[in-house]
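Enquirer: Structure supplied as coords.cif; contents: mmCIF, C-alpha atoms and all ligand atoms.
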data_entry
loop_
_atom_site.label_atom_id
_atom_site.label_comp_id
_atom_site.auth_asym_id
_atom_site.auth_seq_id
_atom_site.Cartn_x
_atom_site.Cartn_y
_atom_site.Cartn_z
CA MET A 137 -26.29 -0.40 -42.34
CA SER A 138 -24.64 2.71 -43.69
CA ASP A 139 -20.99 2.57 -44.68
CA ASN A 140 -19.72 4.77 -41.91
CA THR A 141 -21.12 2.86 -38.93
CA PRO A 142 -18.29 2.03 -36.55
CA SER A 143 -18.53 -1.72 -37.05
CA THR A 144 -18.34 -1.48 -40.88
CA SER A 145 -15.43 0.90 -40.92
CA ARG A 146 -13.61 -1.24 -38.36
CA ARG A 147 -14.11 -4.35 -40.53
CA ARG A 148 -12.79 -2.46 -43.51
CA PHE A 149 -9.75 -1.36 -41.59
CA LEU A 150 -8.94 -4.91 -40.61
CA SER A 151 -9.36 -6.36 -44.12
CA GLY A 152 -7.50 -3.58 -45.90
CA ALA A 153 -5.14 -0.95 -44.59
CA GLY A 154 -4.58 -2.60 -41.21
CA LEU A 155 -3.27 -5.88 -42.54
CA ALA A 156 -1.17 -4.10 -45.15
CA ALA A 157 0.38 -1.98 -42.45
CA ALA A 158 1.14 -5.12 -40.48
CA GLY A 159 2.91 -6.57 -43.53
CA LEU A 160 0.43 -9.39 -44.02
CA VAL A 161 -1.06 -8.40 -47.40
CA ALA A 162 1.65 -8.98 -49.96
CA GLY A 163 1.84 -6.85 -53.10
CA LYS A 164 -1.01 -4.51 -52.19
CA ALA A 165 1.10 -1.47 -51.32
CA SER A 166 3.77 0.05 -53.55
CA ALA A 167 7.45 -0.43 -52.65
CA GLN A 168 7.91 3.22 -51.62
CA THR A 169 4.93 3.36 -49.27
CA ALA A 170 5.09 -0.13 -47.73
CA PRO A 171 6.02 0.14 -44.07
CA LYS A 172 8.51 -2.42 -42.71
CA PRO A 173 6.76 -5.63 -41.68
CA ASP A 174 6.58 -6.08 -37.92
CA PRO A 175 8.64 -9.23 -37.12
CA ALA A 176 6.50 -9.85 -34.06
CA ILE A 177 3.57 -10.47 -36.42
CA VAL A 178 5.15 -12.18 -39.47
CA ASN A 179 7.47 -14.58 -37.58
CA ILE A 180 5.79 -17.50 -35.88
CA PRO A 181 7.23 -17.45 -32.35
CA ASP A 182 8.62 -20.53 -30.56
CA TRP A 183 5.78 -20.55 -28.07
CA SER A 184 3.34 -21.24 -30.89
CA LYS A 185 5.49 -24.00 -32.41
CA ASN A 186 6.47 -25.98 -29.30
CA LEU A 187 4.57 -27.41 -26.37
CA GLY A 188 4.70 -25.35 -23.22
CA GLU A 189 5.45 -26.41 -19.63
CA GLY A 190 3.31 -29.21 -18.24
CA VAL A 191 1.29 -28.94 -15.05
CA GLN A 192 3.30 -29.23 -11.83
CA ALA A 193 6.29 -27.47 -13.42
CA ARG A 194 5.53 -24.81 -10.82
CA PRO A 195 3.64 -26.37 -7.89
CA TYR A 196 3.49 -22.90 -6.32
CA GLY A 197 3.05 -20.36 -9.13
CA SER A 198 5.37 -17.46 -9.78
CA PRO A 199 5.20 -14.53 -12.21
CA SER A 200 6.43 -14.68 -15.82
CA LYS A 201 10.22 -14.41 -16.15
CA PHE A 202 9.58 -11.23 -18.13
CA GLU A 203 8.21 -9.58 -14.98
CA LYS A 204 11.37 -9.94 -12.93
CA SER A 205 11.83 -6.22 -12.46
CA THR A 206 8.51 -6.02 -10.59
CA ILE A 207 9.92 -6.61 -7.11
CA ARG A 208 10.14 -5.08 -3.67
CA ARG A 209 13.25 -2.92 -3.44
CA ASP A 210 15.15 -1.43 -0.54
CA VAL A 211 17.32 1.67 -0.21
CA GLU A 212 20.61 0.43 1.22
CA TRP A 213 21.77 3.66 2.86
CA LEU A 214 18.47 4.15 4.69
CA THR A 215 19.17 1.68 7.54
CA VAL A 216 22.30 0.14 9.08
CA SER A 217 21.13 -3.45 8.93
CA ARG A 218 18.81 -5.54 6.79
CA GLU A 219 17.15 -7.01 9.90
CA SER A 220 15.91 -3.67 11.14
CA SER A 221 14.92 -2.24 7.81
CA VAL A 222 12.25 -1.86 5.17
CA ASN A 223 11.63 -2.63 1.52
CA PHE A 224 9.04 -0.97 -0.67
CA THR A 225 5.97 -2.05 -2.65
CA PRO A 226 6.45 -1.44 -6.42
CA LEU A 227 3.33 0.73 -6.69
CA HIS A 228 4.26 1.93 -10.20
CA ALA A 229 4.06 -1.63 -11.55
CA LEU A 230 0.72 -2.59 -9.97
CA ASP A 231 -2.91 -2.00 -10.84
CA SER A 232 -6.30 -2.59 -9.23
CA PHE A 233 -6.53 -2.14 -5.44
CA ILE A 234 -5.04 -5.34 -3.97
CA THR A 235 -1.31 -5.76 -3.34
CA PRO A 236 -0.06 -9.20 -4.38
CA SER A 237 1.33 -10.97 -1.29
CA GLY A 238 4.85 -11.38 -2.71
CA LEU A 239 5.07 -7.63 -3.38
CA ALA A 240 3.70 -6.31 -0.06
CA PHE A 241 6.40 -4.15 1.56
CA GLU A 242 8.01 -5.54 4.70
CA ARG A 243 9.13 -3.60 7.73
CA HIS A 244 10.61 -5.26 10.75
CA HIS A 245 12.85 -4.32 13.63
CA GLY A 246 14.49 -7.67 14.40
CA GLY A 247 14.27 -9.69 11.18
CA ALA A 248 11.38 -11.90 10.06
CA PRO A 249 11.24 -15.05 12.23
CA ASP A 250 10.07 -18.46 10.99
CA VAL A 251 7.39 -19.28 13.56
CA ASP A 252 6.28 -22.93 13.83
CA PRO A 253 2.45 -22.81 13.72
CA GLY A 254 2.29 -25.94 15.90
CA GLN A 255 4.16 -24.16 18.68
CA TYR A 256 2.38 -20.85 18.19
CA ARG A 257 0.54 -19.50 21.25
CA LEU A 258 -1.34 -16.24 21.91
CA MET A 259 -1.74 -15.23 25.56
CA ILE A 260 -4.25 -12.76 26.98
CA ASN A 261 -3.43 -11.54 30.49
CA GLY A 262 -3.70 -8.48 32.74
CA LEU A 263 -7.00 -6.95 33.76
CA VAL A 264 -9.19 -9.85 32.63
CA ASP A 265 -11.48 -12.25 34.50
CA LYS A 266 -9.88 -15.31 32.92
CA PRO A 267 -6.33 -15.22 31.44
CA LEU A 268 -6.26 -17.35 28.28
CA VAL A 269 -3.80 -19.04 25.93
CA PHE A 270 -4.91 -19.78 22.36
CA THR A 271 -3.33 -22.12 19.83
CA LEU A 272 -3.69 -21.33 16.12
CA GLU A 273 -6.37 -24.03 15.90
CA ASP A 274 -8.25 -22.42 18.82
CA LEU A 275 -8.27 -19.10 16.94
CA LYS A 276 -9.60 -20.76 13.81
CA ARG A 277 -12.48 -22.29 15.80
CA MET A 278 -13.62 -18.90 17.13
CA PRO A 279 -17.03 -17.71 15.88
CA GLY A 280 -17.34 -14.63 13.69
CA ARG A 281 -14.55 -15.29 11.15
CA THR A 282 -14.40 -12.44 8.65
CA ASN A 283 -12.66 -11.25 5.45
CA ARG A 284 -11.73 -7.58 5.08
CA ALA A 285 -9.51 -5.52 2.77
CA TYR A 286 -7.50 -2.85 4.61
CA PHE A 287 -4.53 -0.67 3.81
CA LEU A 288 -1.51 -0.78 6.10
CA GLU A 289 0.67 2.32 5.84
CA CYS A 290 3.86 2.76 7.87
CA ALA A 291 3.81 6.12 9.67
CA ALA A 292 7.25 6.74 8.10
CA ASN A 293 5.89 6.44 4.53
CA SER A 294 7.00 9.60 2.63
CA GLY A 295 9.01 10.58 5.74
CA MET A 296 12.14 11.25 3.67
CA GLU A 297 10.16 13.83 1.68
CA TRP A 298 9.35 16.08 4.63
CA LYS A 299 12.25 18.45 3.93
CA GLY A 300 11.86 18.35 0.13
CA ALA A 301 11.84 15.97 -2.85
CA GLN A 302 14.29 13.11 -2.18
CA LEU A 303 13.66 9.70 -3.68
CA ASN A 304 12.98 9.21 -7.36
CA GLY A 305 10.06 6.82 -7.61
CA CYS A 306 6.66 6.29 -6.01
CA GLN A 307 7.95 2.88 -4.91
CA PHE A 308 10.32 4.73 -2.55
CA THR A 309 8.29 7.85 -1.71
CA HIS A 310 4.97 6.00 -1.12
CA GLY A 311 5.73 2.26 -1.16
CA MET A 312 5.50 1.64 2.60
CA ILE A 313 1.89 0.66 2.06
CA HIS A 314 0.02 -2.47 1.11
CA ASN A 315 -3.63 -3.38 0.76
CA VAL A 316 -4.62 -7.02 1.16
CA TRP A 317 -7.54 -9.19 2.21
CA TYR A 318 -7.30 -10.39 5.78
CA THR A 319 -9.00 -13.45 7.19
CA GLY A 320 -9.31 -13.60 10.93
CA VAL A 321 -11.53 -13.12 13.96
CA PRO A 322 -12.54 -9.86 15.62
CA LEU A 323 -10.22 -9.08 18.52
CA LYS A 324 -13.40 -8.33 20.49
CA ALA A 325 -14.35 -12.03 20.40
CA LEU A 326 -11.09 -12.99 22.17
CA LEU A 327 -11.31 -10.15 24.68
CA ASP A 328 -14.92 -10.99 25.48
CA GLU A 329 -13.96 -14.60 26.11
CA ALA A 330 -11.27 -13.44 28.56
CA GLY A 331 -13.66 -10.85 30.11
CA VAL A 332 -12.12 -7.37 30.28
CA LYS A 333 -12.42 -5.89 33.78
CA THR A 334 -14.15 -2.50 34.10
CA ASN A 335 -10.82 -0.72 34.70
CA GLY A 336 -9.29 -2.33 31.59
CA LYS A 337 -8.88 0.68 29.29
CA TRP A 338 -5.75 -0.17 27.28
CA LEU A 339 -4.29 -3.11 25.46
CA LEU A 340 -0.60 -3.92 24.99
CA ALA A 341 0.03 -5.94 21.82
CA GLU A 342 3.39 -7.72 21.76
CA GLY A 343 5.22 -9.60 18.99
CA ALA A 344 7.22 -12.85 19.22
CA ASP A 345 10.08 -11.63 17.01
CA ALA A 346 13.54 -10.76 18.37
CA SER A 347 12.48 -7.10 18.69
CA GLY A 348 9.51 -8.08 20.89
CA MET A 349 7.76 -5.09 19.38
CA SER A 350 4.90 -3.73 21.47
CA ARG A 351 2.28 -0.98 21.25
CA SER A 352 -0.50 0.38 23.47
CA ILE A 353 -3.96 0.48 21.90
CA PRO A 354 -7.05 2.04 23.50
CA ILE A 355 -9.63 -0.62 24.37
CA GLU A 356 -12.36 1.19 22.34
CA LYS A 357 -10.36 0.66 19.13
CA ALA A 358 -9.55 -2.95 20.07
CA MET A 359 -13.27 -3.64 20.54
CA LYS A 360 -14.39 -1.66 17.47
CA ASP A 361 -12.75 -3.18 14.40
CA CYS A 362 -9.36 -4.79 15.13
CA LEU A 363 -8.77 -8.32 13.84
CA VAL A 364 -6.52 -11.15 14.87
CA ALA A 365 -5.67 -12.38 11.37
CA TRP A 366 -3.95 -15.47 9.96
CA GLY A 367 -5.05 -15.12 6.32
CA MET A 368 -3.73 -12.78 3.63
CA ASN A 369 -5.23 -12.70 0.14
CA GLY A 370 -6.93 -16.04 0.73
CA GLU A 371 -3.91 -18.03 1.96
CA MET A 372 -1.85 -18.04 5.15
CA LEU A 373 0.09 -14.86 6.00
CA ARG A 374 3.59 -14.73 4.56
CA PRO A 375 6.41 -15.07 7.17
CA GLU A 376 7.46 -11.45 6.62
CA GLN A 377 3.90 -10.28 7.26
CA GLY A 378 3.66 -12.04 10.65
CA TYR A 379 2.98 -15.73 10.00
CA PRO A 380 1.03 -17.28 11.53
CA VAL A 381 -0.87 -14.40 13.23
CA ARG A 382 -0.79 -10.60 13.13
CA LEU A 383 -2.91 -7.83 14.56
CA VAL A 384 -4.94 -5.73 12.10
CA VAL A 385 -5.66 -2.17 13.29
CA PRO A 386 -7.72 -0.67 10.42
CA GLY A 387 -6.85 2.90 9.40
CA TRP A 388 -4.16 3.30 12.10
CA GLU A 389 -0.39 3.55 11.65
CA GLY A 390 1.35 0.37 10.51
CA ASN A 391 3.55 0.14 13.59
CA MET A 392 0.52 -0.85 15.71
CA TRP A 393 -0.23 -3.87 13.49
CA VAL A 394 1.92 -6.19 15.61
CA LYS A 395 3.20 -9.20 13.66
CA TRP A 396 3.94 -12.67 15.08
CA LEU A 397 1.45 -11.63 17.79
CA ARG A 398 2.16 -13.53 21.02
CA ARG A 399 0.60 -11.54 23.87
CA LEU A 400 -2.22 -9.12 24.60
CA GLU A 401 -2.18 -7.53 28.03
CA VAL A 402 -5.11 -5.50 29.31
CA GLY A 403 -4.14 -2.52 31.49
CA ASP A 404 -5.56 0.72 32.87
CA GLN A 405 -3.12 3.08 31.12
CA PRO A 406 -0.79 3.17 28.12
CA TRP A 407 2.66 1.58 28.57
CA HIS A 408 4.69 4.25 26.74
CA HIS A 409 7.10 1.75 25.27
CA ARG A 410 9.87 2.65 22.82
CA GLU A 411 7.75 2.59 19.65
CA GLU A 412 5.27 5.11 21.07
CA THR A 413 7.71 7.55 22.65
CA SER A 414 11.12 7.87 20.99
CA LYS A 415 9.63 6.63 17.69
CA TYR A 416 6.39 7.31 15.81
CA THR A 417 5.66 10.59 17.61
CA ASP A 418 5.64 13.90 15.73
CA LEU A 419 8.17 16.46 16.96
CA LEU A 420 6.71 19.95 16.49
CA ALA A 421 8.52 23.23 15.73
CA ASP A 422 8.52 24.34 19.41
CA GLY A 423 10.27 21.14 20.54
CA ARG A 424 7.16 19.48 21.98
CA SER A 425 5.95 16.16 20.59
CA ARG A 426 2.45 15.04 19.89
CA ARG A 427 1.71 12.18 22.26
CA PHE A 428 -0.03 9.73 19.91
CA THR A 429 -0.92 10.05 16.23
CA TRP A 430 -2.75 6.86 15.39
CA ILE A 431 -4.96 7.65 12.39
CA MET A 432 -3.42 7.79 8.91
CA ASP A 433 -5.06 10.76 7.20
CA ALA A 434 -6.28 10.74 3.59
CA LYS A 435 -3.50 10.52 1.02
CA SER A 436 -3.01 9.65 -2.63
CA VAL A 437 -0.28 9.32 -5.22
CA VAL A 438 -0.17 9.10 -9.00
CA THR A 439 1.60 5.81 -9.74
CA ASN A 440 1.58 6.23 -13.55
CA PRO A 441 3.24 8.33 -14.78
CA SER A 442 5.95 8.43 -12.11
CA PRO A 443 9.78 8.33 -12.22
CA GLN A 444 9.90 4.54 -12.65
CA ALA A 445 7.01 4.59 -15.15
CA PRO A 446 7.63 7.55 -17.49
CA LEU A 447 5.34 8.58 -20.36
CA LYS A 448 6.36 6.82 -23.57
CA VAL A 449 4.15 8.20 -26.35
CA LYS A 450 2.20 11.32 -27.17
CA GLY A 451 -1.56 11.09 -27.65
CA ALA A 452 -3.83 8.85 -25.60
CA ASN A 453 -2.44 8.01 -22.13
CA VAL A 454 -3.94 6.67 -18.91
CA LEU A 455 -2.99 8.38 -15.67
CA SER A 456 -3.57 6.15 -12.65
CA GLY A 457 -3.00 6.12 -8.93
CA VAL A 458 -4.16 5.06 -5.50
CA ALA A 459 -5.85 6.85 -2.62
CA TRP A 460 -6.69 5.84 0.94
CA SER A 461 -7.95 7.28 4.21
CA GLY A 462 -7.67 6.04 7.78
CA ARG A 463 -10.86 7.95 8.62
CA GLY A 464 -13.20 6.27 6.18
CA THR A 465 -13.94 5.84 2.49
CA ILE A 466 -12.35 7.70 -0.41
CA LYS A 467 -15.13 9.76 -1.99
CA ARG A 468 -13.28 11.69 -4.67
CA VAL A 469 -9.81 12.13 -6.14
CA ASP A 470 -8.86 15.17 -8.21
CA VAL A 471 -5.85 15.28 -10.51
CA SER A 472 -3.88 18.20 -11.88
CA LEU A 473 -1.47 18.26 -14.81
CA ASP A 474 -0.26 21.82 -14.15
CA GLY A 475 0.95 21.75 -10.57
CA GLY A 476 -2.40 22.42 -8.91
CA ARG A 477 -3.68 25.37 -10.98
CA ASN A 478 -6.45 23.35 -12.61
CA TRP A 479 -8.05 20.21 -11.23
CA ALA A 480 -10.20 17.52 -12.85
CA THR A 481 -12.04 14.76 -11.04
CA ALA A 482 -10.57 11.31 -11.65
CA ARG A 483 -12.64 8.18 -12.19
CA ILE A 484 -12.68 5.82 -9.20
CA ASP A 485 -12.80 2.21 -10.33
CA GLY A 486 -13.15 -1.05 -8.44
CA PRO A 487 -14.37 -1.33 -4.86
CA ALA A 488 -14.09 1.88 -2.81
CA LEU A 489 -14.15 0.20 0.60
CA PRO A 490 -13.67 1.95 3.94
CA LEU A 491 -10.05 2.03 5.19
CA SER A 492 -8.90 0.34 1.98
CA MET A 493 -6.83 1.49 -0.97
CA THR A 494 -8.90 2.85 -3.84
CA ARG A 495 -7.80 2.95 -7.50
CA PHE A 496 -8.38 5.99 -9.72
CA TYR A 497 -7.88 6.70 -13.43
CA PHE A 498 -7.76 9.77 -15.64
CA ASP A 499 -7.65 9.31 -19.43
CA PHE A 500 -5.84 12.17 -21.13
CA ASP A 501 -4.11 13.21 -24.35
CA TRP A 502 -0.49 14.23 -23.99
CA ASP A 503 0.76 16.77 -26.52
CA GLY A 504 4.39 16.52 -25.41
CA ARG A 505 4.21 19.50 -23.06
CA GLU A 506 5.92 19.46 -19.65
CA LEU A 507 3.47 18.40 -16.95
CA LEU A 508 3.36 18.83 -13.18
CA VAL A 509 1.22 15.88 -12.15
CA GLN A 510 -0.56 15.82 -8.79
CA SER A 511 -3.46 14.04 -7.10
CA ARG A 512 -5.61 15.13 -4.15
CA ALA A 513 -7.77 12.71 -2.15
CA MET A 514 -10.99 13.48 -0.30
CA ASP A 515 -12.72 11.13 2.13
CA ASP A 516 -16.30 10.79 3.33
CA THR A 517 -15.61 12.92 6.43
CA GLY A 518 -14.94 15.88 4.09
CA TYR A 519 -11.19 15.84 4.80
CA VAL A 520 -9.09 17.04 1.85
CA GLN A 521 -5.45 15.94 1.39
CA PRO A 522 -3.26 19.00 2.13
CA THR A 523 -0.23 20.35 0.26
CA LYS A 524 3.15 19.70 1.87
CA ASN A 525 3.45 23.38 2.75
CA GLU A 526 0.06 23.40 4.45
CA LEU A 527 1.29 20.50 6.60
CA ARG A 528 4.59 22.25 7.38
CA LYS A 529 2.71 25.35 8.54
CA VAL A 530 1.07 23.29 11.27
CA ARG A 531 3.84 20.81 12.06
CA GLY A 532 7.10 22.65 11.39
CA LEU A 533 10.15 21.03 9.83
CA ASN A 534 11.15 18.45 12.46
CA SER A 535 8.65 15.82 11.40
CA ILE A 536 9.33 12.48 9.72
CA TYR A 537 6.13 10.57 10.34
CA HIS A 538 2.60 11.13 9.04
CA ASN A 539 3.43 13.01 5.85
CA ASN A 540 0.29 12.87 3.73
CA GLY A 541 1.08 15.94 1.60
CA ILE A 542 0.32 16.17 -2.12
CA GLN A 543 3.06 14.64 -4.32
CA THR A 544 4.24 16.33 -7.54
CA TRP A 545 5.85 14.56 -10.52
CA LEU A 546 7.49 16.62 -13.27
CA VAL A 547 6.99 15.00 -16.68
CA ARG A 548 9.58 16.38 -19.11
CA ALA A 549 8.99 16.84 -22.86
CA ASN A 550 10.81 13.54 -23.53
CA GLY A 551 8.50 11.75 -21.09
CA GLU A 552 11.10 11.29 -18.33
CA THR A 553 9.50 11.86 -14.96
CA GLU A 554 11.05 13.25 -11.79
CA ASN A 555 10.18 13.80 -8.14
CA VAL A 556 9.89 17.57 -7.55
CA GLU A 557 8.27 19.93 -5.12
CA ILE A 558 6.62 23.20 -6.06
CA SER A 559 6.25 26.02 -3.57
N1 LIG A 601 5.49 -6.28 14.47
C1 LIG A 601 6.58 -6.87 15.00
N2 LIG A 601 6.40 -7.92 15.83
N3 LIG A 601 7.84 -6.45 14.71
C2 LIG A 601 8.04 -5.38 13.86
O1 LIG A 601 9.19 -5.03 13.63
N4 LIG A 601 7.00 -3.61 12.48
C3 LIG A 601 5.82 -2.73 12.45
C4 LIG A 601 4.53 -3.52 12.25
N5 LIG A 601 4.50 -4.67 13.11
C5 LIG A 601 6.90 -4.72 13.30
C6 LIG A 601 5.63 -5.24 13.62
C7 LIG A 601 5.87 -1.68 11.44
S1 LIG A 601 6.80 -0.29 11.79
C8 LIG A 601 5.09 -1.70 10.32
S2 LIG A 601 5.00 -0.39 9.28
C9 LIG A 601 4.31 -2.90 9.96
O2 LIG A 601 4.45 -3.97 10.91
C10 LIG A 601 4.75 -3.41 8.61
O3 LIG A 601 3.99 -4.51 8.21
P1 LIG A 601 4.43 -5.36 6.93
O4 LIG A 601 5.80 -5.92 7.19
O5 LIG A 601 3.37 -6.35 6.70
O6 LIG A 601 4.52 -4.38 5.79
CO CO A 602 6.24 1.18 10.24
#
Kindly return the structure encoded in the file as structure tokens.
Expert:
Amino acid sequence: MSDNTPSTSRRRFLSGAGLAAAGLVAGKASAQTAPKPDPAIVNIPDWSKNLGEGVQARPYGSPSKFEKSTIRRDVEWLTVSRESSVNFTPLHALDSFITPSGLAFERHHGGAPDVDPGQYRLMINGLVDKPLVFTLEDLKRMPGRTNRAYFLECAANSGMEWKGAQLNGCQFTHGMIHNVWYTGVPLKALLDEAGVKTNGKWLLAEGADASGMSRSIPIEKAMKDCLVAWGMNGEMLRPEQGYPVRLVVPGWEGNMWVKWLRRLEVGDQPWHHREETSKYTDLLADGRSRRFTWIMDAKSVVTNPSPQAPLKVKGANVLSGVAWSGRGTIKRVDVSLDGGRNWATARIDGPALPLSMTRFYFDFDWDGRELLVQSRAMDDTGYVQPTKNELRKVRGLNSIYHNNGIQTWLVRANGETENVEIS
């Protein structure tokens, strides 16, 4: 083996210069050149000297106390009450493509109720041959149980950004999204059991919370891929995510994913309830509103660097982010470091599943120059994520919902990162 093979030179580094630099080889380096020993290496820490916690110290596990800043956060001035409000997923502190259950953003209009699973009931009524009432146990005995990862994005995600850069952090600009594994049964199985009449074209899904939230869903979607789910990341749903049962409406706006699901009514036309008229519709420049906008179009965001996760050192850095599309599978994500002049294709890693969040990486060297960082998602239908100005050209300035425009982060020479918009 010649002397300059990687393994030999690495061994040399470890036995010589490396250990000296770490302060472990006494007397080898002269007093003037010896770097200060790193106390984290020379001092034996307490955790190596004492026994750690025994089993059962935490019967239900929680993160390390050093991770206590990785939490959902809210923006107090955004809503008048905490019960009809939202908090945000800390996207900048997460990796991979699954959102841990305790960090999945919550959005509710009447607080999160504590539903007793023993008293839980789901009713199907309306234009059906046989109205039915299911208990939770009945649902779990249904055939066709399935596990699927899907993103849920609130239609209002990035809504504050429609008129320009507002909130300083991807947690706040893009954190009304989560991506978890659901366990449940296809909604079709329940509807088939009830027998949808031939004039049954729409479904009203209604929640058991104080807001009694309800949405109309076309029967084709209900039959295609919706789930009635009780599981989230392998365990029961969390109360704030709809325990014990929520509706999963893959790729469609989060508002339709009714939590604490108590009733499904089959009808022959949409109900036009509050959440699908005065809310969640897009007001256009000429004063008319789009009637329904169900599908969440392809979108992406760079999570690192971002305002809450600035660049710390020059040289090798890893840019990372997430992309998703309500129309299908993410096929490609491009990133730009100069505000969209030049683009490079990022590396997609981990499962790229349909209607699920997809993780991308771009390894780069930072020379300390100012950067304008962007990402642009493309899905398997050929749809390309637009710029914010392209969206505004079509939709005007009245919009709040369905903002999937390209996000820009300005990285300053000192690494600090800011939410900006370039025209
Ligand atoms: N379902 C009920 N019953 N009540 C609600 O307030 N909020 C909706 C939807 N389902 C809501 C609901 C909205 S607007 C969104 S974005 C999603 O739930 C949020 O789901 P999450 O709390 O799991 O993030
Ligand atoms: Co919402």
Enquirer: Ligand LIG 601 (chain A): which residues are within 7 Å, counting only C-alpha atoms and all ligand atoms, as a ChimeraX atom specification?
Expert: /A:240-246,288-291,312-314,342-345,347-349,376-378,390-397
Enquirer: What does the distance from CA of Val438 (chain A) to CA of Ala229 (chain A) come to in Å, to one decimal?
Expert: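 Calculated distance between CA of Val438 (chain A) and CA of Ala229 (chain A) is 11.8 Å.
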Enquirer: Considering only C-alpha atoms and all ligand atoms, can you say which of A:Ser220, A:Thr413, A:Thr169, A:Gln192 comes closest to ligand CO 602 (chain A)?
Expert: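 Using only C-alpha atoms and all ligand atoms, the shortest distance to ligand CO 602 (chain A) belongs to A:Ser220.
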Enquirer: Between CA of Gly462 (chain A) and CA of Leu546 (chain A), what is the spacing in Å?
Expert: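 Distance reported for this atom pair: 28.0 Å.
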Enquirer: Using Å and a single decimal, report how far CA of Arg410 (chain A) sits from CA of Leu275 (chain A).
Expert: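 Computing it gives 28.9 Å between the two atoms.
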Enquirer: When you count only C-alpha atoms and all ligand atoms, which of these residues is closest to ligand CO 602 (chain A): A:Val222, A:Leu263, A:Leu527, A:Val385?
Expert: A:Val222
Enquirer: Please determine, counting all atoms listed in the file, which residue among A:Glu506, A:Asp174, A:Glu389, A:Asp250 has the shortest atom-to-atom distance to ligand CO 602 (chain A).
Expert: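 Closest candidate: A:Glu389.
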Enquirer: From the set A:Arg531, A:Arg424, A:Arg351, A:Arg477, which residue has the shortest atom-to-atom contact distance to ligand CO 602 (chain A), counting only C-alpha atoms and all ligand atoms?
Expert: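 Of A:Arg531, A:Arg424, A:Arg351, A:Arg477, the one nearest ligand CO 602 (chain A) is A:Arg351, counting only C-alpha atoms and all ligand atoms.
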Enquirer: Looking at A:Ile431, A:Leu508, A:Leu303, A:Ala292, which one is nearest to ligand CO 602 (chain A), with distances taken over only C-alpha atoms and all ligand atoms?
Expert: A:Ala292
Enquirer: Of the candidates A:Ile234, A:Met296, A:Met278, A:Leu491, which shows the shortest atom-to-atom distance to His538 (chain A), using only C-alpha atoms?
Expert: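 Smallest separation from His538 (chain A) among the options: A:Met296.
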Enquirer: Which polymer residues have any atom within 10 Å of an atom of Glu329 (chain A), counting only C-alpha atoms, with same-chain residues fewer than 3 positions away left out, as a PyMOL selection string?
Expert: chain A and resi 260+264-268+278+324-326+332
Enquirer: Suppose we keep C-alpha atoms; can you now write the selection as a PDB file, in the frame of the given file?
Expert:
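Okay, this is what ended up in again30.pdb:
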ATOM      1  CA  ILE A 260      -4.250 -12.760  26.980  1.00  0.00           C
ATOM      2  CA  VAL A 264      -9.190  -9.850  32.630  1.00  0.00           C
ATOM      3  CA  ASP A 265     -11.480 -12.250  34.500  1.00  0.00           C
ATOM      4  CA  LYS A 266      -9.880 -15.310  32.920  1.00  0.00           C
ATOM      5  CA  PRO A 267      -6.330 -15.220  31.440  1.00  0.00           C
ATOM      6  CA  LEU A 268      -6.260 -17.350  28.280  1.00  0.00           C
ATOM      7  CA  MET A 278     -13.620 -18.900  17.130  1.00  0.00           C
ATOM      8  CA  LYS A 324     -13.400  -8.330  20.490  1.00  0.00           C
ATOM      9  CA  ALA A 325     -14.350 -12.030  20.400  1.00  0.00           C
ATOM     10  CA  LEU A 326     -11.090 -12.990  22.170  1.00  0.00           C
ATOM     11  CA  VAL A 332     -12.120  -7.370  30.280  1.00  0.00           C
TER      12      VAL A 332
END
Enquirer: So that I can see what lies close to Gly486 (chain A), please list as a VMD selection string the residues with an atom at most 8 Å from it, counting all atoms listed in the file and leaving out residues fewer than 5 positions away in the same chain.
Expert: chain A and resid 232 to 233 494 to 495
Enquirer: Tell me, as a list in words, which residues lie within 10 Å of Pro236 (chain A), counting all atoms listed in the file; anything in the same chain fewer than 3 positions away does not count.
Expert: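 Here the answer would be Thr225, Leu230, Phe233, Leu239, Ala240, His314, Asn315, Val316, Trp317, Met368 and Asn369 of chain A.
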Enquirer: Identify, on the basis of only C-alpha atoms, every residue whose closest approach to region 512-523 of chain A does not exceed 9 Å; exclude the query and any residue fewer than 2 positions from it along the same chain; express the result as a list of chain:residue names.
Expert: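 Once the nearby chain positions are removed, what remains is A:Asp433, A:Ala434, A:Lys435, A:Ser436, A:Val437, A:Ala459, A:Trp460, A:Ser461, A:Arg463, A:Gly464, A:Thr465, A:Ile466, A:Lys467, A:Arg468, A:Val469, A:Asp470, A:Val471, A:Ser472, A:Gln510, A:Asn525, A:Glu526, A:Leu527, A:Arg528, A:Asn540, A:Gly541, A:Ile542, A:Gln543.
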Enquirer: Counting all atoms listed in the file, which residues come within 6 Å of (-6.9, 11.9, -27.4), with the point read in the file's coordinates, and could you list them as a short mmCIF file (atom, residue, chain, number, x, y, z; two decimals) with C-alpha atoms, keeping the file's coordinate frame?
Expert:
data_model
loop_
_atom_site.label_atom_id
_atom_site.label_comp_id
_atom_site.auth_asym_id
_atom_site.auth_seq_id
_atom_site.Cartn_x
_atom_site.Cartn_y
_atom_site.Cartn_z
CA GLY A 451 -1.56 11.09 -27.65
CA ALA A 452 -3.83 8.85 -25.60
CA ASP A 501 -4.11 13.21 -24.35
#
